[in-house]
>>> print(open('run.cif').read())   # mmCIF, C-alpha atoms
data_structure
loop_
_atom_site.group_PDB
_atom_site.id
_atom_site.type_symbol
_atom_site.label_atom_id
_atom_site.label_comp_id
_atom_site.auth_asym_id
_atom_site.auth_seq_id
_atom_site.Cartn_x
_atom_site.Cartn_y
_atom_site.Cartn_z
ATOM 1 C CA MET A 208 0.000 0.000 0.000
ATOM 2 C CA PRO A 209 1.058 3.629 -0.446
ATOM 3 C CA ALA A 210 2.751 5.281 2.545
ATOM 4 C CA LEU A 211 2.492 8.571 4.386
ATOM 5 C CA GLU A 212 6.003 10.062 4.503
ATOM 6 C CA GLY A 213 5.371 12.430 7.387
ATOM 7 C CA VAL A 214 3.267 15.303 8.616
ATOM 8 C CA LEU A 215 4.031 18.212 6.295
ATOM 9 C CA GLU A 216 1.852 20.958 7.765
ATOM 10 C CA THR A 217 0.949 21.583 11.386
ATOM 11 C CA VAL A 218 -1.544 24.365 11.953
ATOM 12 C CA LEU A 219 -2.340 26.670 14.880
ATOM 13 C CA TYR A 220 -5.222 29.133 15.018
ATOM 14 C CA VAL A 221 -4.608 32.284 17.035
ATOM 15 C CA ASP A 222 -6.613 35.262 18.289
ATOM 16 C CA ASP A 223 -3.672 37.663 18.423
ATOM 17 C CA PHE A 224 -1.868 37.103 15.151
ATOM 18 C CA GLU A 225 0.803 39.751 15.732
ATOM 19 C CA ARG A 226 1.627 38.417 19.180
ATOM 20 C CA ALA A 227 1.805 34.859 17.887
ATOM 21 C CA ARG A 228 4.131 35.917 15.056
ATOM 22 C CA ALA A 229 6.319 37.781 17.543
ATOM 23 C CA PHE A 230 6.661 34.594 19.608
ATOM 24 C CA TYR A 231 7.533 32.293 16.725
ATOM 25 C CA GLU A 232 9.814 34.831 15.026
ATOM 26 C CA GLY A 233 11.367 36.126 18.280
ATOM 27 C CA PRO A 234 12.415 33.508 20.827
ATOM 28 C CA LEU A 235 11.779 30.590 18.483
ATOM 29 C CA GLY A 236 13.709 32.255 15.639
ATOM 30 C CA LEU A 237 11.488 31.157 12.747
ATOM 31 C CA THR A 238 11.232 33.143 9.517
ATOM 32 C CA ALA A 239 7.960 33.329 7.591
ATOM 33 C CA VAL A 240 8.268 31.986 4.053
ATOM 34 C CA TYR A 241 4.806 33.381 3.298
ATOM 35 C CA ALA A 242 2.580 35.820 5.147
ATOM 36 C CA ASP A 243 -0.575 37.788 4.456
ATOM 37 C CA GLN A 244 -3.242 39.329 6.667
ATOM 38 C CA ARG A 245 -4.928 35.981 7.338
ATOM 39 C CA MET A 246 -2.063 33.529 7.825
ATOM 40 C CA CYS A 247 1.655 32.935 7.732
ATOM 41 C CA ALA A 248 3.826 29.899 7.031
ATOM 42 C CA TYR A 249 7.126 28.911 8.655
ATOM 43 C CA ASP A 250 9.577 26.342 7.282
ATOM 44 C CA VAL A 251 10.794 24.523 10.392
ATOM 45 C CA GLY A 252 14.235 23.047 9.803
ATOM 46 C CA GLY A 253 13.478 22.211 6.182
ATOM 47 C CA ALA A 254 11.404 19.318 7.535
ATOM 48 C CA SER A 255 7.993 20.702 8.443
ATOM 49 C CA MET A 256 5.722 23.644 7.817
ATOM 50 C CA LEU A 257 4.089 25.424 10.740
ATOM 51 C CA LEU A 258 1.106 27.542 9.710
ATOM 52 C CA LEU A 259 -0.542 30.216 11.836
ATOM 53 C CA PHE A 260 -4.049 31.341 10.937
ATOM 54 C CA ARG A 261 -6.098 34.117 12.455
ATOM 55 C CA ARG A 262 -8.853 32.299 14.261
ATOM 56 C CA GLY A 263 -12.235 32.417 12.535
ATOM 57 C CA GLU A 264 -10.980 33.798 9.234
ATOM 58 C CA SER A 265 -10.796 30.527 7.279
ATOM 59 C CA LEU A 266 -14.381 29.411 7.798
ATOM 60 C CA LYS A 267 -15.373 29.873 4.174
ATOM 61 C CA THR A 268 -14.096 27.846 1.256
ATOM 62 C CA VAL A 269 -11.093 29.596 -0.291
ATOM 63 C CA THR A 270 -10.995 29.616 -4.078
ATOM 64 C CA MET A 271 -7.499 29.762 -5.520
ATOM 65 C CA PRO A 272 -6.259 29.647 -9.124
ATOM 66 C CA GLY A 273 -5.597 25.907 -8.707
ATOM 67 C CA GLY A 274 -8.772 24.894 -6.922
ATOM 68 C CA THR A 275 -10.521 25.212 -3.579
ATOM 69 C CA ILE A 276 -9.578 24.769 0.066
ATOM 70 C CA PRO A 277 -12.451 23.766 2.377
ATOM 71 C CA PRO A 278 -13.149 25.721 5.578
ATOM 72 C CA HIS A 279 -10.954 25.031 8.613
ATOM 73 C CA ASP A 280 -10.442 26.511 12.071
ATOM 74 C CA GLY A 281 -9.561 25.572 15.626
ATOM 75 C CA ASN A 282 -9.316 26.773 19.185
ATOM 76 C CA GLY A 283 -8.298 25.692 22.647
ATOM 77 C CA PRO A 284 -4.957 25.318 24.450
ATOM 78 C CA HIS A 285 -3.422 23.245 21.688
ATOM 79 C CA HIS A 286 -0.122 21.377 21.949
ATOM 80 C CA ILE A 287 2.595 20.784 19.383
ATOM 81 C CA ALA A 288 6.222 19.681 19.785
ATOM 82 C CA PHE A 289 9.393 20.789 18.025
ATOM 83 C CA SER A 290 12.587 18.745 17.746
ATOM 84 C CA ILE A 291 15.898 20.267 18.747
ATOM 85 C CA ALA A 292 19.393 18.760 18.932
ATOM 86 C CA ALA A 293 20.227 17.508 22.429
ATOM 87 C CA ASP A 294 23.440 19.533 22.481
ATOM 88 C CA GLU A 295 21.464 22.710 21.827
ATOM 89 C CA LEU A 296 19.255 22.338 24.878
ATOM 90 C CA ALA A 297 21.436 24.609 27.030
ATOM 91 C CA GLY A 298 21.519 27.226 24.282
ATOM 92 C CA TRP A 299 17.754 27.098 24.014
ATOM 93 C CA GLU A 300 17.288 27.511 27.731
ATOM 94 C CA THR A 301 19.530 30.582 27.695
ATOM 95 C CA ARG A 302 17.741 32.033 24.683
ATOM 96 C CA LEU A 303 14.293 31.446 26.153
ATOM 97 C CA ALA A 304 15.319 33.053 29.441
ATOM 98 C CA ASP A 305 16.704 36.050 27.519
ATOM 99 C CA PHE A 306 13.290 36.473 25.884
ATOM 100 C CA GLY A 307 11.421 36.037 29.161
ATOM 101 C CA VAL A 308 9.850 32.718 28.154
ATOM 102 C CA ALA A 309 9.145 30.816 31.362
ATOM 103 C CA ILE A 310 9.315 27.026 31.592
ATOM 104 C CA GLU A 311 5.884 25.849 32.650
ATOM 105 C CA GLY A 312 6.797 22.214 33.103
ATOM 106 C CA ARG A 313 9.590 19.773 32.457
ATOM 107 C CA THR A 314 9.361 16.046 31.829
ATOM 108 C CA THR A 315 11.913 13.319 31.343
ATOM 109 C CA TRP A 316 10.341 10.725 29.094
ATOM 110 C CA PRO A 317 10.323 7.200 30.514
ATOM 111 C CA ARG A 318 11.068 5.653 27.123
ATOM 112 C CA GLY A 319 14.311 7.577 27.009
ATOM 113 C CA GLY A 320 15.499 8.159 23.491
ATOM 114 C CA THR A 321 18.804 7.642 21.787
ATOM 115 C CA SER A 322 18.610 9.948 18.799
ATOM 116 C CA GLY A 323 20.170 12.880 20.627
ATOM 117 C CA ARG A 324 17.183 15.096 19.945
ATOM 118 C CA HIS A 325 15.031 16.864 22.412
ATOM 119 C CA ARG A 326 11.416 17.731 22.130
ATOM 120 C CA TRP A 327 10.035 21.185 22.358
ATOM 121 C CA CYS A 328 6.333 21.436 22.979
ATOM 122 C CA ALA A 329 4.424 24.542 22.090
ATOM 123 C CA ALA A 330 0.837 24.688 23.203
ATOM 124 C CA ALA A 331 -1.237 27.235 21.353
ATOM 125 C CA GLY A 332 -3.491 29.822 22.813
ATOM 126 C CA TRP A 333 -0.679 31.239 24.885
ATOM 127 C CA ARG A 334 0.871 28.270 26.482
ATOM 128 C CA TYR A 335 4.036 26.953 25.013
ATOM 129 C CA SER A 336 5.959 23.874 25.851
ATOM 130 C CA ALA A 337 9.423 22.287 25.020
ATOM 131 C CA PRO A 338 12.707 19.766 24.395
ATOM 132 C CA ALA A 339 13.128 15.793 23.746
ATOM 133 C CA SER A 340 13.828 13.188 20.946
ATOM 134 C CA ARG A 341 11.599 11.075 18.728
ATOM 135 C CA LEU A 342 11.391 8.854 21.775
ATOM 136 C CA PRO A 343 12.093 11.983 23.701
ATOM 137 C CA PRO A 344 14.241 12.074 26.837
ATOM 138 C CA LEU A 345 13.050 15.443 28.013
ATOM 139 C CA ALA A 346 10.216 17.863 27.444
ATOM 140 C CA LEU A 347 10.067 21.440 28.638
ATOM 141 C CA PHE A 348 6.731 23.200 28.668
ATOM 142 C CA LEU A 349 7.071 26.914 28.271
ATOM 143 C CA ARG A 350 5.015 29.996 28.850
ATOM 144 C CA PRO A 351 5.935 33.318 27.240
ATOM 145 C CA ALA A 352 6.386 36.356 29.455
ATOM 146 C CA GLY A 353 3.210 38.078 30.605
ATOM 147 C CA ARG A 354 0.915 35.063 30.806
ATOM 148 C CA MET B 125 21.458 30.706 17.767
ATOM 149 C CA PRO B 126 20.038 27.225 18.364
ATOM 150 C CA ALA B 127 17.731 25.833 15.681
ATOM 151 C CA LEU B 128 14.400 24.058 15.572
ATOM 152 C CA GLU B 129 14.896 20.873 13.532
ATOM 153 C CA GLY B 130 11.248 20.303 12.699
ATOM 154 C CA VAL B 131 7.810 19.748 14.140
ATOM 155 C CA LEU B 132 7.990 16.435 16.012
ATOM 156 C CA GLU B 133 4.434 16.102 17.311
ATOM 157 C CA THR B 134 1.200 17.202 15.682
ATOM 158 C CA VAL B 135 -1.896 16.773 17.823
ATOM 159 C CA LEU B 136 -5.601 16.356 17.066
ATOM 160 C CA TYR B 137 -8.378 16.269 19.662
ATOM 161 C CA VAL B 138 -11.375 14.129 18.810
ATOM 162 C CA ASP B 139 -14.839 13.450 20.195
ATOM 163 C CA ASP B 140 -15.144 9.949 18.769
ATOM 164 C CA PHE B 141 -11.810 8.346 19.556
ATOM 165 C CA GLU B 142 -12.658 4.930 18.104
ATOM 166 C CA ARG B 143 -13.874 6.436 14.857
ATOM 167 C CA ALA B 144 -10.802 8.614 14.577
ATOM 168 C CA ARG B 145 -8.526 5.634 15.178
ATOM 169 C CA ALA B 146 -10.436 3.652 12.541
ATOM 170 C CA PHE B 147 -9.790 6.433 10.016
ATOM 171 C CA TYR B 148 -6.081 6.801 10.695
ATOM 172 C CA GLU B 149 -5.486 3.055 10.976
ATOM 173 C CA GLY B 150 -7.826 2.106 8.109
ATOM 174 C CA PRO B 151 -7.575 4.168 4.940
ATOM 175 C CA LEU B 152 -4.487 6.053 6.115
ATOM 176 C CA GLY B 153 -2.730 2.839 7.153
ATOM 177 C CA LEU B 154 -1.029 4.141 10.303
ATOM 178 C CA THR B 155 -0.104 1.875 13.219
ATOM 179 C CA ALA B 156 -0.271 3.121 16.794
ATOM 180 C CA VAL B 157 3.077 2.930 18.584
ATOM 181 C CA TYR B 158 1.310 3.737 21.850
ATOM 182 C CA ALA B 159 -2.343 3.768 22.851
ATOM 183 C CA ASP B 160 -4.363 3.973 26.026
ATOM 184 C CA GLN B 161 -7.920 5.041 26.823
ATOM 185 C CA ARG B 162 -7.070 8.751 26.587
ATOM 186 C CA MET B 163 -4.745 9.025 23.578
ATOM 187 C CA CYS B 164 -2.782 7.225 20.910
ATOM 188 C CA ALA B 165 0.416 8.006 19.005
ATOM 189 C CA TYR B 166 1.290 7.238 15.386
ATOM 190 C CA ASP B 167 4.783 7.319 13.906
ATOM 191 C CA VAL B 168 4.245 8.855 10.452
ATOM 192 C CA GLY B 169 6.974 7.749 8.055
ATOM 193 C CA GLY B 170 9.627 7.790 10.776
ATOM 194 C CA ALA B 171 9.560 11.576 10.443
ATOM 195 C CA SER B 172 6.689 12.823 12.576
ATOM 196 C CA MET B 173 4.413 11.792 15.405
ATOM 197 C CA LEU B 174 0.670 12.273 15.084
ATOM 198 C CA LEU B 175 -1.140 12.156 18.423
ATOM 199 C CA LEU B 176 -4.883 11.750 18.893
ATOM 200 C CA PHE B 177 -6.406 12.736 22.229
ATOM 201 C CA ARG B 178 -9.959 12.315 23.423
ATOM 202 C CA ARG B 179 -11.280 15.837 23.583
ATOM 203 C CA GLY B 180 -11.558 17.281 27.074
ATOM 204 C CA GLU B 181 -9.605 14.538 28.829
ATOM 205 C CA SER B 182 -6.244 16.329 29.067
ATOM 206 C CA LEU B 183 -7.428 19.449 30.853
ATOM 207 C CA LYS B 184 -5.628 18.644 34.078
ATOM 208 C CA THR B 185 -1.884 18.557 34.578
ATOM 209 C CA VAL B 186 -0.618 15.008 34.043
ATOM 210 C CA THR B 187 2.029 13.861 36.514
ATOM 211 C CA MET B 188 4.394 11.254 35.108
ATOM 212 C CA PRO B 189 7.450 9.570 36.619
ATOM 213 C CA GLY B 190 9.663 12.108 34.836
ATOM 214 C CA GLY B 191 7.711 15.285 35.532
ATOM 215 C CA THR B 192 4.490 17.025 34.581
ATOM 216 C CA ILE B 193 2.649 17.849 31.364
ATOM 217 C CA PRO B 194 0.460 20.967 31.519
ATOM 218 C CA PRO B 195 -3.186 20.841 30.412
ATOM 219 C CA HIS B 196 -3.932 20.925 26.690
ATOM 220 C CA ASP B 197 -6.976 20.507 24.451
ATOM 221 C CA GLY B 198 -8.476 21.712 21.194
ATOM 222 C CA ASN B 199 -11.534 21.693 18.996
ATOM 223 C CA GLY B 200 -12.823 22.913 15.672
ATOM 224 C CA PRO B 201 -12.456 21.695 12.080
ATOM 225 C CA HIS B 202 -8.686 21.534 12.283
ATOM 226 C CA HIS B 203 -6.373 21.045 9.294
ATOM 227 C CA ILE B 204 -3.112 19.125 8.972
ATOM 228 C CA ALA B 205 -1.221 17.924 5.905
ATOM 229 C CA PHE B 206 0.654 14.705 5.221
ATOM 230 C CA SER B 207 3.411 14.247 2.650
ATOM 231 C CA ILE B 208 3.220 11.428 0.137
ATOM 232 C CA ALA B 209 5.439 10.528 -2.807
ATOM 233 C CA ALA B 210 4.141 11.962 -6.077
ATOM 234 C CA ASP B 211 4.263 8.544 -7.745
ATOM 235 C CA GLU B 212 1.981 7.160 -5.037
ATOM 236 C CA LEU B 213 -0.822 9.627 -5.671
ATOM 237 C CA ALA B 214 -2.716 7.246 -7.962
ATOM 238 C CA GLY B 215 -2.351 4.442 -5.419
ATOM 239 C CA TRP B 216 -3.675 6.715 -2.686
ATOM 240 C CA GLU B 217 -6.657 7.746 -4.764
ATOM 241 C CA THR B 218 -7.524 4.098 -5.372
ATOM 242 C CA ARG B 219 -7.083 3.206 -1.720
ATOM 243 C CA LEU B 220 -9.181 6.119 -0.520
ATOM 244 C CA ALA B 221 -11.945 5.258 -2.967
ATOM 245 C CA ASP B 222 -11.860 1.646 -1.772
ATOM 246 C CA PHE B 223 -12.423 2.874 1.790
ATOM 247 C CA GLY B 224 -15.186 5.269 0.744
ATOM 248 C CA VAL B 225 -13.179 8.405 1.533
ATOM 249 C CA ALA B 226 -14.540 11.163 -0.686
ATOM 250 C CA ILE B 227 -12.375 13.981 -2.042
ATOM 251 C CA GLU B 228 -13.842 17.218 -0.733
ATOM 252 C CA GLY B 229 -11.620 19.546 -2.716
ATOM 253 C CA ARG B 230 -8.531 19.522 -4.888
ATOM 254 C CA THR B 231 -5.991 22.270 -5.384
ATOM 255 C CA THR B 232 -2.965 22.653 -7.621
ATOM 256 C CA TRP B 233 -0.543 24.881 -5.769
ATOM 257 C CA PRO B 234 0.596 27.955 -7.742
ATOM 258 C CA ARG B 235 4.154 27.662 -6.423
ATOM 259 C CA GLY B 236 4.432 24.254 -8.010
ATOM 260 C CA GLY B 237 6.982 22.063 -6.309
ATOM 261 C CA THR B 238 9.839 19.991 -7.597
ATOM 262 C CA SER B 239 10.445 17.503 -4.823
ATOM 263 C CA GLY B 240 8.091 14.916 -6.244
ATOM 264 C CA ARG B 241 6.013 14.854 -3.091
ATOM 265 C CA HIS B 242 2.362 15.547 -2.737
ATOM 266 C CA ARG B 243 0.536 16.999 0.188
ATOM 267 C CA TRP B 244 -2.278 15.318 1.988
ATOM 268 C CA CYS B 245 -4.397 17.499 4.180
ATOM 269 C CA ALA B 246 -6.480 16.043 6.965
ATOM 270 C CA ALA B 247 -8.805 18.416 8.716
ATOM 271 C CA ALA B 248 -9.953 17.201 12.094
ATOM 272 C CA GLY B 249 -13.442 16.996 13.396
ATOM 273 C CA TRP B 250 -14.503 14.834 10.514
ATOM 274 C CA ARG B 251 -13.195 16.611 7.516
ATOM 275 C CA TYR B 252 -10.062 15.269 5.965
ATOM 276 C CA SER B 253 -8.005 16.594 3.185
ATOM 277 C CA ALA B 254 -5.050 15.395 1.041
ATOM 278 C CA PRO B 255 -1.699 15.158 -1.509
ATOM 279 C CA ALA B 256 1.388 17.814 -2.620
ATOM 280 C CA SER B 257 5.117 18.543 -2.006
ATOM 281 C CA ARG B 258 6.956 20.766 0.440
ATOM 282 C CA LEU B 259 6.057 23.474 -2.082
ATOM 283 C CA PRO B 260 3.172 21.307 -3.007
ATOM 284 C CA PRO B 261 1.870 20.872 -6.555
ATOM 285 C CA LEU B 262 -1.450 19.394 -5.528
ATOM 286 C CA ALA B 263 -3.677 19.137 -2.493
ATOM 287 C CA LEU B 264 -6.694 16.892 -2.161
ATOM 288 C CA PHE B 265 -9.189 17.567 0.583
ATOM 289 C CA LEU B 266 -10.988 14.466 1.677
ATOM 290 C CA ARG B 267 -14.090 13.522 3.563
ATOM 291 C CA PRO B 268 -14.588 10.011 4.950
ATOM 292 C CA ALA B 269 -17.751 8.129 4.012
ATOM 293 C CA GLY B 270 -20.870 9.044 5.937
ATOM 294 C CA ARG B 271 -20.244 12.744 6.537
#
>>> encode(input="run.cif", output="structure tokens")
Amino acid sequence: MPALEGVLETVLYVDDFERARAFYEGPLGLTAVYADQRMCAYDVGGASMLLLFRRGESLKTVTMPGGTIPPHDGNGPHHIAFSIAADELAGWETRLADFGVAIEGRTTWPRGGTSGRHRWCAAAGWRYSAPASRLPPLALFLRPAGR
Amino acid sequence: MPALEGVLETVLYVDDFERARAFYEGPLGLTAVYADQRMCAYDVGGASMLLLFRRGESLKTVTMPGGTIPPHDGNGPHHIAFSIAADELAGWETRLADFGVAIEGRTTWPRGGTSGRHRWCAAAGWRYSAPASRLPPLALFLRPAGR
């Protein structure tokens, strides 16, 4: 049978688009490869796309030159996870502290993990979380300053 | 500065956990690497983890042997995208038809794409969507039978 190669696009829906962009482009260091008034797209490590949409503004079918995109939306304190290299964990902790991003929780994963990667969890709304590997040894859950 | 290597975990929250599992494990052919009554985890192509959670059952902090995981949840007609190989598109269309998964929309992406991959979009709730590349040439938006 045919195979799924991976998850290409992960999507978050946000109320405060400018604040969300400032978080992903500030402490997380992502650069938008596309942005308009409704959404923006980040290439994460050449491996994944992270899309931010203004909440409630994609509830009608979008007609594009190549076809249509059905309505979509979401809300709630969502959760996603980023991968980082294990040897960059200390650098990330310093960077996050410099930006005032507080660590909301921290978990060492019981299944360990040998790939040398850490997991970074980012919960949407305004809770963010972070580092471990594919079988991740550690997760930090972060909260930006002010919330 | 340290880098994000990719999105490791993409999460969907579902009301009908058994039906959601049947969709991801049936037509989409994923195998759970972990499952309990509250959630399950799929390894997608060795590149990404897709997690399904029963909606509303992760709203309290979870204490694990290695630490804590803050509350998280989500709802709405969410949207994610899977990557598939371009030469497997026909096989996917056949497989989806065999399982009664209808194509809700189809889009050729204006930016084209040269990697030979297609994008598969799956919107949560019960709308699913499908195939293109990292700059994807084609997206199909799918709806399982019965909705």
>>> atom_distance(input="run.cif", atom1="atom CA of Gly312 of chain A", atom2="atom CA of Ala248 of chain A")
27.3 Å
>>> interface_residues(input="run.cif", of="chain B", to="chain A", cutoff="6 Å", atoms="all atoms listed in the file", output="PyMOL selection string")
chain B and resi 126+128-134+168-169+171-172+190-192+196-202+204-208+212+229-233
>>> atom_distance(input="run.cif", atom1="atom CA of Asp222 of chain B", atom2="atom CA of Arg143 of chain B")
17.4 Å
>>> resolve_selection(input="run.cif", expression="the PyMOL selection byres ((chain A and resi 245) around 7)", output="short mmCIF file (atom, residue, chain, number, x, y, z; two decimals) with C-alpha atoms, in the coordinates of the input")
data_model
loop_
_atom_site.label_atom_id
_atom_site.label_comp_id
_atom_site.auth_asym_id
_atom_site.auth_seq_id
_atom_site.Cartn_x
_atom_site.Cartn_y
_atom_site.Cartn_z
CA ASP A 243 -0.57 37.79 4.46
CA GLN A 244 -3.24 39.33 6.67
CA MET A 246 -2.06 33.53 7.82
CA PHE A 260 -4.05 31.34 10.94
CA ARG A 261 -6.10 34.12 12.46
CA GLU A 264 -10.98 33.80 9.23
#
